[in-house]
file query36.cif (mmCIF, C-alpha atoms and all ligand atoms)
data_target
#
loop_
_atom_site.label_atom_id
_atom_site.label_comp_id
_atom_site.auth_asym_id
_atom_site.auth_seq_id
_atom_site.Cartn_x
_atom_site.Cartn_y
_atom_site.Cartn_z
CA MET A 292 129.05 192.10 60.90
CA ALA A 293 132.43 190.80 61.90
CA PHE A 294 135.34 189.14 60.20
CA SER A 295 138.54 188.91 62.22
CA ILE A 296 141.35 186.50 62.98
CA THR A 297 143.27 186.03 66.21
CA ILE A 298 146.70 184.42 66.09
CA LEU A 299 147.08 181.95 68.96
CA GLY A 300 150.37 180.39 67.96
CA SER A 301 153.03 181.58 65.54
CA SER A 302 155.97 179.29 66.27
CA ALA A 303 157.14 176.36 64.16
CA ALA A 304 157.46 172.86 65.67
CA THR A 305 159.21 173.94 68.90
CA PRO A 306 157.36 176.44 71.09
CA THR A 307 159.29 179.27 72.72
CA SER A 308 158.47 181.31 75.82
CA ARG A 309 156.70 183.87 73.62
CA ARG A 310 155.39 181.74 70.80
CA ASN A 311 153.05 178.78 70.83
CA PRO A 312 152.71 176.18 68.07
CA SER A 313 150.23 176.84 65.26
CA SER A 314 146.65 177.92 65.81
CA ILE A 315 144.39 180.72 64.56
CA LEU A 316 140.85 181.61 65.53
CA VAL A 317 138.59 182.97 62.78
CA ASN A 318 135.48 184.94 63.70
CA MET A 319 132.93 185.26 60.90
CA ASP A 320 129.86 187.07 62.22
CA TYR A 321 130.45 185.59 65.69
CA THR A 322 130.60 182.00 64.54
CA TYR A 323 134.04 180.84 65.65
CA PHE A 324 136.27 178.57 63.60
CA LEU A 325 139.56 177.23 64.90
CA MET A 326 142.35 176.43 62.51
CA ASP A 327 145.01 174.05 63.75
CA CYS A 328 145.32 173.35 67.44
CA GLY A 329 148.92 173.04 68.60
CA GLU A 330 149.75 172.24 72.20
CA GLY A 331 148.55 174.99 74.56
CA THR A 332 145.94 176.41 72.19
CA GLN A 333 143.17 176.39 74.79
CA ILE A 334 145.36 178.32 77.22
CA GLN A 335 146.11 180.85 74.49
CA MET A 336 142.38 181.25 73.93
CA ARG A 337 141.86 181.86 77.66
CA LYS A 338 144.54 184.55 77.56
CA SER A 339 142.80 186.22 74.61
CA LYS A 340 139.42 185.92 76.42
CA ILE A 341 137.89 183.90 73.61
CA LYS A 342 134.64 182.15 74.48
CA LEU A 343 135.64 178.53 73.83
CA GLN A 344 132.11 177.22 73.48
CA ARG A 345 131.45 179.46 70.49
CA ILE A 346 133.72 177.20 68.44
CA ARG A 347 131.63 174.99 66.19
CA HIS A 348 134.17 173.92 63.59
CA ILE A 349 137.83 173.00 63.85
CA PHE A 350 140.04 172.65 60.79
CA ILE A 351 143.34 170.77 61.05
CA SER A 352 145.79 171.32 58.18
CA HIS A 353 147.88 168.18 58.74
CA LEU A 354 148.89 165.65 61.34
CA HIS A 355 152.28 167.00 62.44
CA GLY A 356 152.11 167.35 66.22
CA ASP A 357 152.61 171.11 66.33
CA HIS A 358 149.30 171.46 64.49
CA PHE A 359 147.05 169.15 66.52
CA PHE A 360 148.56 168.04 69.85
CA GLY A 361 146.29 170.51 71.65
CA LEU A 362 143.12 169.07 70.18
CA VAL A 363 142.34 166.25 72.60
CA GLY A 364 142.78 168.65 75.51
CA LEU A 365 140.32 171.10 74.01
CA ILE A 366 137.82 168.33 73.22
CA SER A 367 138.09 167.19 76.84
CA THR A 368 137.59 170.73 78.17
CA PHE A 369 134.41 171.12 76.10
CA HIS A 370 133.19 167.92 77.75
CA LEU A 371 134.04 169.15 81.25
CA LEU A 372 132.27 172.45 80.56
CA GLY A 373 129.08 170.54 79.78
CA ARG A 374 128.94 171.18 76.07
CA THR A 375 125.88 169.75 74.31
CA GLU A 376 126.36 171.27 70.88
CA GLU A 377 127.95 169.36 68.00
CA LEU A 378 131.62 169.89 67.29
CA HIS A 379 132.82 169.33 63.73
CA VAL A 380 136.47 168.50 63.07
CA TYR A 381 137.83 168.59 59.52
CA ALA A 382 141.20 166.89 59.16
CA PRO A 383 143.24 164.43 57.12
CA ARG A 384 142.19 160.81 57.51
CA GLY A 385 143.57 159.21 60.68
CA LEU A 386 142.82 161.90 63.24
CA GLN A 387 139.54 160.35 64.32
CA ASP A 388 141.32 157.09 65.33
CA ILE A 389 143.97 159.01 67.27
CA ILE A 390 141.44 161.06 69.24
CA GLN A 391 139.18 158.10 69.90
CA LEU A 392 142.08 156.08 71.25
CA GLN A 393 142.97 158.89 73.63
CA LEU A 394 139.37 159.22 74.81
CA MET A 395 139.07 155.47 75.23
CA ALA A 396 142.27 155.22 77.28
CA SER A 397 141.01 157.89 79.66
CA GLN A 398 137.54 156.28 79.69
CA THR A 399 135.93 159.50 78.51
CA GLN A 400 132.48 159.21 77.04
CA LEU A 401 131.84 162.60 75.50
CA ILE A 402 128.50 164.19 76.37
CA TYR A 403 128.31 166.05 73.06
CA PRO A 404 128.47 164.84 69.44
CA LEU A 405 131.96 164.95 67.95
CA ILE A 406 131.84 164.60 64.18
CA PHE A 407 134.88 164.07 61.98
CA HIS A 408 135.13 164.96 58.30
CA ASP A 409 138.10 163.77 56.19
CA THR A 410 139.72 166.50 54.13
CA ASN A 411 140.95 165.88 50.61
CA PRO A 412 144.70 166.44 50.21
CA ASP A 413 144.55 166.24 46.41
CA GLN A 414 141.79 168.63 45.38
CA PRO A 415 140.09 171.80 46.59
CA GLU A 416 136.86 171.16 48.39
CA ILE A 417 134.07 173.13 50.07
CA LEU A 418 133.98 172.11 53.73
CA TYR A 419 131.41 174.53 55.12
CA GLU A 420 128.81 176.71 53.45
CA THR A 421 125.94 178.96 54.47
CA ASP A 422 124.14 181.77 52.61
CA GLU A 423 126.78 184.20 53.87
CA HIS A 424 130.01 182.24 54.28
CA LEU A 425 132.23 179.61 52.75
CA VAL A 426 135.20 177.58 53.98
CA LYS A 427 137.29 175.71 51.40
CA SER A 428 140.34 173.51 51.67
CA PHE A 429 143.06 173.29 49.02
CA PRO A 430 146.20 171.15 48.65
CA LEU A 431 149.61 172.30 49.88
CA ASP A 432 153.04 170.72 49.32
CA HIS A 433 154.34 169.35 52.61
CA ARG A 434 156.02 166.17 53.88
CA ILE A 435 152.67 164.60 54.69
CA GLU A 436 149.16 165.23 53.37
CA THR A 437 148.36 168.87 54.09
CA THR A 438 145.67 171.35 53.12
CA GLY A 439 145.36 175.09 53.41
CA PHE A 440 142.04 176.80 54.12
CA LEU A 441 140.15 179.72 52.65
CA PHE A 442 137.47 181.59 54.62
CA ALA A 443 135.29 183.81 52.49
CA GLU A 444 132.20 185.94 52.68
CA LYS A 445 129.82 185.46 49.78
CA GLN A 446 128.78 188.34 47.56
CA LYS A 447 126.25 190.37 49.51
CA PRO A 448 122.96 191.60 47.99
CA ARG A 449 122.73 195.21 46.74
CA LYS A 450 121.71 197.82 49.30
CA LEU A 451 118.48 199.77 48.91
CA LYS A 452 119.08 203.54 48.96
CA LYS A 453 117.28 205.29 51.78
CA SER A 454 115.86 207.85 49.32
CA PHE A 455 113.93 205.09 47.52
CA LEU A 456 112.09 204.16 50.69
CA PHE A 457 110.54 207.64 50.76
CA TYR A 458 108.76 207.16 47.44
CA ASP A 459 105.07 206.50 47.87
CA VAL A 460 104.98 203.11 46.12
CA GLU A 461 103.43 199.77 47.00
CA ILE A 462 106.24 197.29 47.45
CA THR A 463 106.32 193.69 48.63
CA VAL A 464 109.06 191.75 50.38
CA GLU A 465 109.46 189.75 47.18
CA ASP A 466 110.03 192.99 45.20
CA ILE A 467 112.68 194.06 47.67
CA LEU A 468 114.51 190.75 47.31
CA LYS A 469 114.43 191.11 43.50
CA ILE A 470 115.74 194.69 43.69
CA LYS A 471 118.54 193.56 46.02
CA ALA A 472 119.42 190.89 43.46
CA GLY A 473 119.77 193.58 40.78
CA ALA A 474 116.31 193.94 39.18
CA ASP A 475 114.62 197.22 38.20
CA PHE A 476 111.32 198.00 39.93
CA VAL A 477 108.05 198.85 38.18
CA SER A 478 105.41 200.45 40.39
CA ASP A 479 101.61 199.94 40.14
CA THR A 480 101.36 203.12 38.13
CA GLY A 481 103.94 201.87 35.65
CA ARG A 482 106.79 204.05 36.84
CA ILE A 483 110.15 202.40 36.24
CA PHE A 484 112.87 202.70 38.83
CA LYS A 485 116.26 201.68 37.43
CA ASN A 486 118.19 199.44 39.79
CA ALA A 487 121.26 201.66 39.60
CA ASP A 488 119.17 204.64 40.81
CA ILE A 489 117.58 202.94 43.80
CA THR A 490 120.42 200.76 45.09
CA GLU A 491 124.06 201.11 45.98
CA ASP A 492 126.93 198.65 45.82
CA PRO A 493 127.21 196.35 48.82
CA PRO A 494 130.56 196.11 50.63
CA GLN A 495 133.06 193.87 48.87
CA PRO A 496 133.11 190.35 50.32
CA LEU A 497 136.17 189.69 52.50
CA SER A 498 138.41 186.63 52.51
CA PHE A 499 141.25 185.12 54.47
CA ALA A 500 143.60 182.28 53.46
CA TYR A 501 145.87 180.11 55.57
CA CYS A 502 148.91 178.37 54.05
CA SER A 503 150.80 176.35 56.64
CA ASP A 504 152.88 174.19 56.26
CA THR A 505 154.14 174.13 52.70
CA ARG A 506 157.02 174.41 50.32
CA TYR A 507 156.89 177.24 47.79
CA PHE A 508 153.89 176.02 45.81
CA GLU A 509 152.51 178.11 42.96
CA PRO A 510 149.33 176.05 42.40
CA VAL A 511 147.86 177.64 45.57
CA ILE A 512 147.73 181.03 43.85
CA GLN A 513 144.55 180.11 41.94
CA TYR A 514 142.77 179.28 45.21
CA ILE A 515 143.79 182.36 47.14
CA ASN A 516 143.65 184.96 44.39
CA LYS A 517 142.87 188.46 45.73
CA VAL A 518 142.39 187.42 49.35
CA ASN A 519 142.27 190.39 51.68
CA LEU A 520 144.59 188.68 54.13
CA LEU A 521 147.00 185.80 53.61
CA TYR A 522 148.73 183.94 56.43
CA HIS A 523 151.69 182.10 54.93
CA GLU A 524 154.32 180.13 56.75
CA ALA A 525 157.86 181.50 56.66
CA THR A 526 159.84 178.97 58.66
CA PHE A 527 163.20 180.12 57.28
CA MET A 528 165.00 182.98 55.56
CA GLU A 529 166.17 182.85 51.97
CA ASP A 530 169.76 181.91 52.94
CA MET A 531 168.28 178.60 54.13
CA LYS A 532 166.26 178.05 50.99
CA SER A 533 167.72 174.58 50.37
CA VAL A 534 166.92 173.51 53.95
CA ALA A 535 163.40 174.87 53.50
CA GLN A 536 163.04 172.88 50.30
CA GLU A 537 164.35 169.71 51.94
CA LYS A 538 162.03 170.07 54.96
CA TYR A 539 159.02 171.08 52.84
CA HIS A 540 158.81 174.57 54.29
CA SER A 541 158.97 178.09 52.83
CA THR A 542 161.24 181.09 53.23
CA ALA A 543 159.98 184.61 53.96
CA LEU A 544 160.86 185.63 50.40
CA GLU A 545 158.88 182.73 48.99
CA ALA A 546 155.85 183.59 51.15
CA ALA A 547 156.00 187.17 49.88
CA THR A 548 156.27 185.97 46.27
CA ILE A 549 153.09 183.93 46.71
CA ALA A 550 151.32 186.94 48.26
CA LYS A 551 152.41 189.15 45.36
CA LYS A 552 151.43 186.68 42.64
CA ALA A 553 148.06 186.10 44.32
CA ASN A 554 147.41 189.88 44.57
CA ALA A 555 146.75 189.53 48.28
CA GLY A 556 145.84 192.67 50.23
CA MET A 557 148.04 191.91 53.19
CA LEU A 558 150.48 189.17 54.23
CA ILE A 559 151.06 187.79 57.72
CA LEU A 560 154.15 185.67 58.17
CA GLY A 561 154.15 182.90 60.76
CA HIS A 562 155.44 179.43 61.73
CA PHE A 563 158.88 180.82 62.53
CA SER A 564 161.76 178.49 63.29
CA ALA A 565 162.80 178.82 66.94
CA ARG A 566 166.35 179.55 65.66
CA TYR A 567 165.32 183.18 64.97
CA LYS A 568 165.39 185.27 68.12
CA GLU A 569 164.72 188.48 66.20
CA LEU A 570 162.52 188.50 63.15
CA ASP A 571 163.28 191.95 61.71
CA GLN A 572 165.42 190.57 58.91
CA LEU A 573 162.84 187.99 58.03
CA LEU A 574 160.26 190.77 57.76
CA ALA A 575 162.57 192.98 55.68
CA GLU A 576 163.19 190.10 53.31
CA ALA A 577 159.47 189.63 52.69
CA GLN A 578 158.81 193.38 52.43
CA SER A 579 161.42 193.67 49.67
CA ILE A 580 158.93 191.77 47.51
CA PHE A 581 155.59 192.50 49.17
CA LYS A 582 155.35 195.74 51.13
CA ASN A 583 152.19 195.12 53.12
CA THR A 584 153.66 192.33 55.24
CA GLN A 585 153.48 191.88 58.98
CA LEU A 586 154.88 189.37 61.46
CA ALA A 587 152.45 187.15 63.33
CA THR A 588 152.59 187.53 67.11
CA ASP A 589 150.64 185.44 69.58
CA GLY A 590 147.48 187.21 70.70
CA LEU A 591 147.31 189.57 67.71
CA THR A 592 143.80 190.17 66.33
CA ILE A 593 143.28 191.62 62.87
CA ASP A 594 139.90 192.91 61.74
CA LEU A 595 139.59 192.31 57.99
CA GLY A 596 136.92 194.96 57.55
CA THR A 597 138.84 197.83 59.11
CA ASN A 598 142.41 196.46 59.01
CA GLU A 599 142.56 197.40 62.70
CA LYS A 600 145.01 195.44 64.81
CA THR A 601 144.54 194.80 68.51
CA ARG A 602 146.21 192.72 71.14
ZN ZN B 701 154.26 170.31 59.30
#
call {"tool": "encode", "arguments": {"input": "query36.cif", "output": "structure tokens"}}
result
Amino acid sequence: MAFSITILGSSAATPTSRRNPSSILVNMDYTYFLMDCGEGTQIQMRKSKIKLQRIRHIFISHLHGDHFFGLVGLISTFHLLGRTEELHVYAPRGLQDIIQLQLMASQTQLIYPLIFHDTNPDQPEILYETDEHLVKSFPLDHRIETTGFLFAEKQKPRKLKKSFLFYDVEITVEDILKIKAGADFVSDTGRIFKNADITEDPPQPLSFAYCSDTRYFEPVIQYINKVNLLYHEATFMEDMKSVAQEKYHSTALEAATIAKKANAGMLILGHFSARYKELDQLLAEAQSIFKNTQLATDGLTIDLGTNEKTR
């Protein structure tokens, strides 16, 4: 089992020598999902030794350049590497035309299926779902149509206690599935095994939410309630609150307020304005409201299961 994120770009619109524009890789049980794809994202993935071809789904929050200018390059690299597997791109309407124009101009006929899905900027929506995982989009408040994304594990079945397996009872696969779903078990001889005695609680499902770019926007709280990890943009500090408001961005204090109101486990701040050379004050501002806050840095991986951080 795995659930981790790797930050590939933590800068706002202008990249710096240490920070790339927005992009995050999400690994849910070794299926890779890319969120946003600013310029240079594929190089960032190379630096982090991420196997590019494992990416099956790409989610683009909105069509500002710092969130998607790296996409056509990545699509082209997949082609050059001989990809045959489908690639699904979820984005606001319009991206398909942009990418197709670029491919047409360079006379590239992709050798793999590229499938676009329009996201809904007005309502939450399930974009991807399996028995184990879910990816949802939800509206944000930005200058143009923008969505955030939620990645979540589904509730896992109950775990059979090892001690139960030592009982000498006839049991079918179907029985086991019922027990894992919460049922008691009655043996051939009529002996009743209470579910609570023969199973234990499964691990709590984990979740991760991404809010970039947005103004302070309380309606998101309902969609990200109790996430283990929240990435929220913090383009400015509170002394530039009016500029943040005008440019449809958030301050560090506002990001922390959202994390607190949503009962998030941990907050990662990102999308920093290039004006800030040092981010200590930005961090302190957020921590005054929400203690468990950390600054995003390019190349940082966080494991949601263990909270371990690696670079
Ligand atoms: Zn933007």
call {"tool": "residues_around", "arguments": {"input": "query36.cif", "residues": "Tyr321 (chain A)", "least_positions_apart": "4", "cutoff": "12 Å", "atoms": "only C-alpha atoms", "output": "PDB file with C-alpha atoms, in the coordinates of the input"}}
result
ATOM      1  CA  MET A 292     129.050 192.100  60.900  1.00  0.00           C
ATOM      2  CA  ALA A 293     132.430 190.800  61.900  1.00  0.00           C
ATOM      3  CA  PHE A 294     135.340 189.140  60.200  1.00  0.00           C
ATOM      4  CA  SER A 295     138.540 188.910  62.220  1.00  0.00           C
ATOM      5  CA  ILE A 296     141.350 186.500  62.980  1.00  0.00           C
ATOM      6  CA  LEU A 316     140.850 181.610  65.530  1.00  0.00           C
ATOM      7  CA  VAL A 317     138.590 182.970  62.780  1.00  0.00           C
ATOM      8  CA  ILE A 341     137.890 183.900  73.610  1.00  0.00           C
ATOM      9  CA  LYS A 342     134.640 182.150  74.480  1.00  0.00           C
ATOM     10  CA  LEU A 343     135.640 178.530  73.830  1.00  0.00           C
ATOM     11  CA  GLN A 344     132.110 177.220  73.480  1.00  0.00           C
ATOM     12  CA  ARG A 345     131.450 179.460  70.490  1.00  0.00           C
ATOM     13  CA  ILE A 346     133.720 177.200  68.440  1.00  0.00           C
ATOM     14  CA  ARG A 347     131.630 174.990  66.190  1.00  0.00           C
ATOM     15  CA  HIS A 424     130.010 182.240  54.280  1.00  0.00           C
TER      16      HIS A 424
END
call {"tool": "closest_residue", "arguments": {"input": "query36.cif", "among": "A:Asp459, A:Asp357, A:Asp488, A:Asp320", "to": "ligand ZN 701 (chain B)", "atoms": "all atoms listed in the file"}}
result
A:Asp357
call {"tool": "residues_near_ligand", "arguments": {"input": "query36.cif", "ligand": "ligand ZN 701 (chain B)", "cutoff": "10 Å", "atoms": "only C-alpha atoms and all ligand atoms", "output": "PyMOL selection string"}}
result
chain A and resi 303-304+313+352-358+433-437+503-505+538-540+562
call {"tool": "write_last_selection", "arguments": {"input": "query36.cif", "atoms": "C-alpha atoms", "output": "short mmCIF file (atom, residue, chain, number, x, y, z; two decimals), keeping the file's coordinate frame"}}
result
data_model
loop_
_atom_site.label_atom_id
_atom_site.label_comp_id
_atom_site.auth_asym_id
_atom_site.auth_seq_id
_atom_site.Cartn_x
_atom_site.Cartn_y
_atom_site.Cartn_z
CA ALA A 303 157.14 176.36 64.16
CA ALA A 304 157.46 172.86 65.67
CA SER A 313 150.23 176.84 65.26
CA SER A 352 145.79 171.32 58.18
CA HIS A 353 147.88 168.18 58.74
CA LEU A 354 148.89 165.65 61.34
CA HIS A 355 152.28 167.00 62.44
CA GLY A 356 152.11 167.35 66.22
CA ASP A 357 152.61 171.11 66.33
CA HIS A 358 149.30 171.46 64.49
CA HIS A 433 154.34 169.35 52.61
CA ARG A 434 156.02 166.17 53.88
CA ILE A 435 152.67 164.60 54.69
CA GLU A 436 149.16 165.23 53.37
CA THR A 437 148.36 168.87 54.09
CA SER A 503 150.80 176.35 56.64
CA ASP A 504 152.88 174.19 56.26
CA THR A 505 154.14 174.13 52.70
CA LYS A 538 162.03 170.07 54.96
CA TYR A 539 159.02 171.08 52.84
CA HIS A 540 158.81 174.57 54.29
CA HIS A 562 155.44 179.43 61.73
#
call {"tool": "residues_near_point", "arguments": {"input": "query36.cif", "point": "(124.9, 200.4, 47.0)", "cutoff": "9 Å", "atoms": "all atoms listed in the file", "output": "ChimeraX atom specification"}}
result
/A:449-452,487,489-494
call {"tool": "atom_distance", "arguments": {"input": "query36.cif", "atom1": "CA of Val511 (chain A)", "atom2": "CA of Thr305 (chain A)"}}
result
26.2 Å
call {"tool": "closest_residue", "arguments": {"input": "query36.cif", "among": "A:Ser564, A:Asn519, A:Thr463, A:Thr297", "to": "Leu595 (chain A)", "atoms": "all atoms listed in the file"}}
result
A:Asn519
call {"tool": "residues_around", "arguments": {"input": "query36.cif", "residues": "region 367-382 of chain A", "least_positions_apart": "6", "cutoff": "7 Å", "atoms": "all atoms listed in the file", "output": "list in words"}}
result
Arg347, His348, Ile349, Phe350, Ile351, Ser352, His353, Leu401, Ile402, Tyr403, Pro404, Leu405, Ile406, Phe407, His408, Asp409 and Thr410 of chain A
call {"tool": "residues_around", "arguments": {"input": "query36.cif", "residues": "Ile417 (chain A)", "least_positions_apart": "5", "cutoff": "7 Å", "atoms": "all atoms listed in the file", "output": "VMD selection string"}}
result
chain A and resid 426 to 428
call {"tool": "residues_near_point", "arguments": {"input": "query36.cif", "point": "(146.6, 185.1, 71.4)", "cutoff": "9 Å", "atoms": "all atoms listed in the file", "output": "number ranges by chain"}}
result
A: 297-300, 315-316, 332, 335-340, 588-592, 602
call {"tool": "axis_aligned_box", "arguments": {"input": "query36.cif", "around": "region 495-503 of chain A", "padding_each_side": "8 Å", "output": "JSON"}}
result
{"center_x": 141.9, "center_y": 185.1, "center_z": 52.8, "size_x": 33.7, "size_y": 33.5, "size_z": 23.8}
call {"tool": "residues_around", "arguments": {"input": "query36.cif", "residues": "region 569-573 of chain A", "least_positions_apart": "4", "cutoff": "7 Å", "atoms": "all atoms listed in the file", "output": "PyMOL selection string"}}
result
chain A and resi 528+543+577
call {"tool": "residues_around", "arguments": {"input": "query36.cif", "residues": "Met557 (chain A)", "least_positions_apart": "2", "cutoff": "10 Å", "atoms": "only C-alpha atoms", "output": "PDB file with C-alpha atoms, in the coordinates of the input"}}
result
ATOM      1  CA  PHE A 499     141.250 185.120  54.470  1.00  0.00           C
ATOM      2  CA  LYS A 517     142.870 188.460  45.730  1.00  0.00           C
ATOM      3  CA  VAL A 518     142.390 187.420  49.350  1.00  0.00           C
ATOM      4  CA  ASN A 519     142.270 190.390  51.680  1.00  0.00           C
ATOM      5  CA  LEU A 520     144.590 188.680  54.130  1.00  0.00           C
ATOM      6  CA  LEU A 521     147.000 185.800  53.610  1.00  0.00           C
ATOM      7  CA  TYR A 522     148.730 183.940  56.430  1.00  0.00           C
ATOM      8  CA  ALA A 547     156.000 187.170  49.880  1.00  0.00           C
ATOM      9  CA  ALA A 550     151.320 186.940  48.260  1.00  0.00           C
ATOM     10  CA  LYS A 551     152.410 189.150  45.360  1.00  0.00           C
ATOM     11  CA  ASN A 554     147.410 189.880  44.570  1.00  0.00           C
ATOM     12  CA  ALA A 555     146.750 189.530  48.280  1.00  0.00           C
ATOM     13  CA  ILE A 559     151.060 187.790  57.720  1.00  0.00           C
ATOM     14  CA  PHE A 581     155.590 192.500  49.170  1.00  0.00           C
ATOM     15  CA  LYS A 582     155.350 195.740  51.130  1.00  0.00           C
ATOM     16  CA  ASN A 583     152.190 195.120  53.120  1.00  0.00           C
ATOM     17  CA  THR A 584     153.660 192.330  55.240  1.00  0.00           C
ATOM     18  CA  GLN A 585     153.480 191.880  58.980  1.00  0.00           C
ATOM     19  CA  LEU A 595     139.590 192.310  57.990  1.00  0.00           C
ATOM     20  CA  ASN A 598     142.410 196.460  59.010  1.00  0.00           C
TER      21      ASN A 598
END
call {"tool": "closest_residue", "arguments": {"input": "query36.cif", "among": "A:Val363, A:Met531, A:Ala546, A:Gln495", "to": "Tyr507 (chain A)", "atoms": "all atoms listed in the file"}}
result
A:Ala546
call {"tool": "closest_residue", "arguments": {"input": "query36.cif", "among": "A:Leu497, A:Ala575, A:Leu365, A:Ile593", "to": "Lys445 (chain A)", "atoms": "only C-alpha atoms"}}
result
A:Leu497
call {"tool": "closest_residue", "arguments": {"input": "query36.cif", "among": "A:Ile549, A:Glu444, A:Gln387, A:Ser397", "to": "Tyr419 (chain A)", "atoms": "all atoms listed in the file"}}
result
A:Glu444
call {"tool": "atom_distance", "arguments": {"input": "query36.cif", "atom1": "CA of Lys568 (chain A)", "atom2": "CA of Ser301 (chain A)"}}
result
13.2 Å
call {"tool": "atom_distance", "arguments": {"input": "query36.cif", "atom1": "CA of Ile483 (chain A)", "atom2": "CA of Ile467 (chain A)"}}
result
14.4 Å
call {"tool": "closest_residue", "arguments": {"input": "query36.cif", "among": "A:Cys502, A:Leu392, A:Val460, A:Leu468", "to": "His523 (chain A)", "atoms": "all atoms listed in the file"}}
result
A:Cys502
call {"tool": "decode", "arguments": {"input": "query36.cif", "residues": "region 551-557 of chain A", "atoms": "all heavy atoms", "output": "PDB file, in the first residue's frame"}}
result
ATOM      1  N   LYS A 551      -7.606  24.949   9.312  1.00  0.00           N
ATOM      2  CA  LYS A 551      -8.161  24.809  10.664  1.00  0.00           C
ATOM      3  C   LYS A 551      -9.651  24.502  10.605  1.00  0.00           C
ATOM      4  O   LYS A 551     -10.132  23.576  11.256  1.00  0.00           O
ATOM      5  CB  LYS A 551      -7.912  26.102  11.447  1.00  0.00           C
ATOM      6  CG  LYS A 551      -8.288  25.975  12.886  1.00  0.00           C
ATOM      7  CD  LYS A 551      -7.925  27.208  13.668  1.00  0.00           C
ATOM      8  CE  LYS A 551      -8.345  27.008  15.108  1.00  0.00           C
ATOM      9  NZ  LYS A 551      -8.035  28.164  15.922  1.00  0.00           N
ATOM     10  N   LYS A 552     -10.378  25.277   9.803  1.00  0.00           N
ATOM     11  CA  LYS A 552     -11.838  25.082   9.725  1.00  0.00           C
ATOM     12  C   LYS A 552     -12.191  23.733   9.119  1.00  0.00           C
ATOM     13  O   LYS A 552     -13.254  23.191   9.374  1.00  0.00           O
ATOM     14  CB  LYS A 552     -12.478  26.222   8.927  1.00  0.00           C
ATOM     15  CG  LYS A 552     -12.434  27.534   9.673  1.00  0.00           C
ATOM     16  CD  LYS A 552     -13.309  28.592   9.037  1.00  0.00           C
ATOM     17  CE  LYS A 552     -13.366  29.821   9.950  1.00  0.00           C
ATOM     18  NZ  LYS A 552     -14.180  30.891   9.432  1.00  0.00           N
ATOM     19  N   ALA A 553     -11.308  23.209   8.270  1.00  0.00           N
ATOM     20  CA  ALA A 553     -11.578  21.909   7.628  1.00  0.00           C
ATOM     21  C   ALA A 553     -11.062  20.742   8.483  1.00  0.00           C
ATOM     22  O   ALA A 553     -11.180  19.590   8.076  1.00  0.00           O
ATOM     23  CB  ALA A 553     -10.930  21.873   6.248  1.00  0.00           C
ATOM     24  N   ASN A 554     -10.480  21.051   9.650  1.00  0.00           N
ATOM     25  CA  ASN A 554      -9.902  20.003  10.509  1.00  0.00           C
ATOM     26  C   ASN A 554      -8.902  19.135   9.766  1.00  0.00           C
ATOM     27  O   ASN A 554      -8.894  17.901   9.901  1.00  0.00           O
ATOM     28  CB  ASN A 554     -11.007  19.101  11.085  1.00  0.00           C
ATOM     29  CG  ASN A 554     -11.899  19.858  12.026  1.00  0.00           C
ATOM     30  OD1 ASN A 554     -11.417  20.426  12.997  1.00  0.00           O
ATOM     31  ND2 ASN A 554     -13.190  19.909  11.728  1.00  0.00           N
ATOM     32  N   ALA A 555      -8.072  19.773   8.959  1.00  0.00           N
ATOM     33  CA  ALA A 555      -7.051  19.025   8.219  1.00  0.00           C
ATOM     34  C   ALA A 555      -6.002  18.497   9.189  1.00  0.00           C
ATOM     35  O   ALA A 555      -5.792  19.068  10.271  1.00  0.00           O
ATOM     36  CB  ALA A 555      -6.384  19.941   7.190  1.00  0.00           C
ATOM     37  N   GLY A 556      -5.330  17.397   8.814  1.00  0.00           N
ATOM     38  CA  GLY A 556      -4.276  16.863   9.667  1.00  0.00           C
ATOM     39  C   GLY A 556      -3.000  17.683   9.541  1.00  0.00           C
ATOM     40  O   GLY A 556      -2.317  17.966  10.523  1.00  0.00           O
ATOM     41  N   MET A 557      -2.692  18.060   8.330  1.00  0.00           N
ATOM     42  CA  MET A 557      -1.454  18.789   8.076  1.00  0.00           C
ATOM     43  C   MET A 557      -1.662  19.728   6.886  1.00  0.00           C
ATOM     44  O   MET A 557      -2.440  19.416   5.981  1.00  0.00           O
ATOM     45  CB  MET A 557      -0.355  17.777   7.747  1.00  0.00           C
ATOM     46  CG  MET A 557       0.991  18.390   7.501  1.00  0.00           C
ATOM     47  SD  MET A 557       2.171  17.065   7.119  1.00  0.00           S
ATOM     48  CE  MET A 557       3.584  18.056   6.720  1.00  0.00           C
TER      49      MET A 557
END
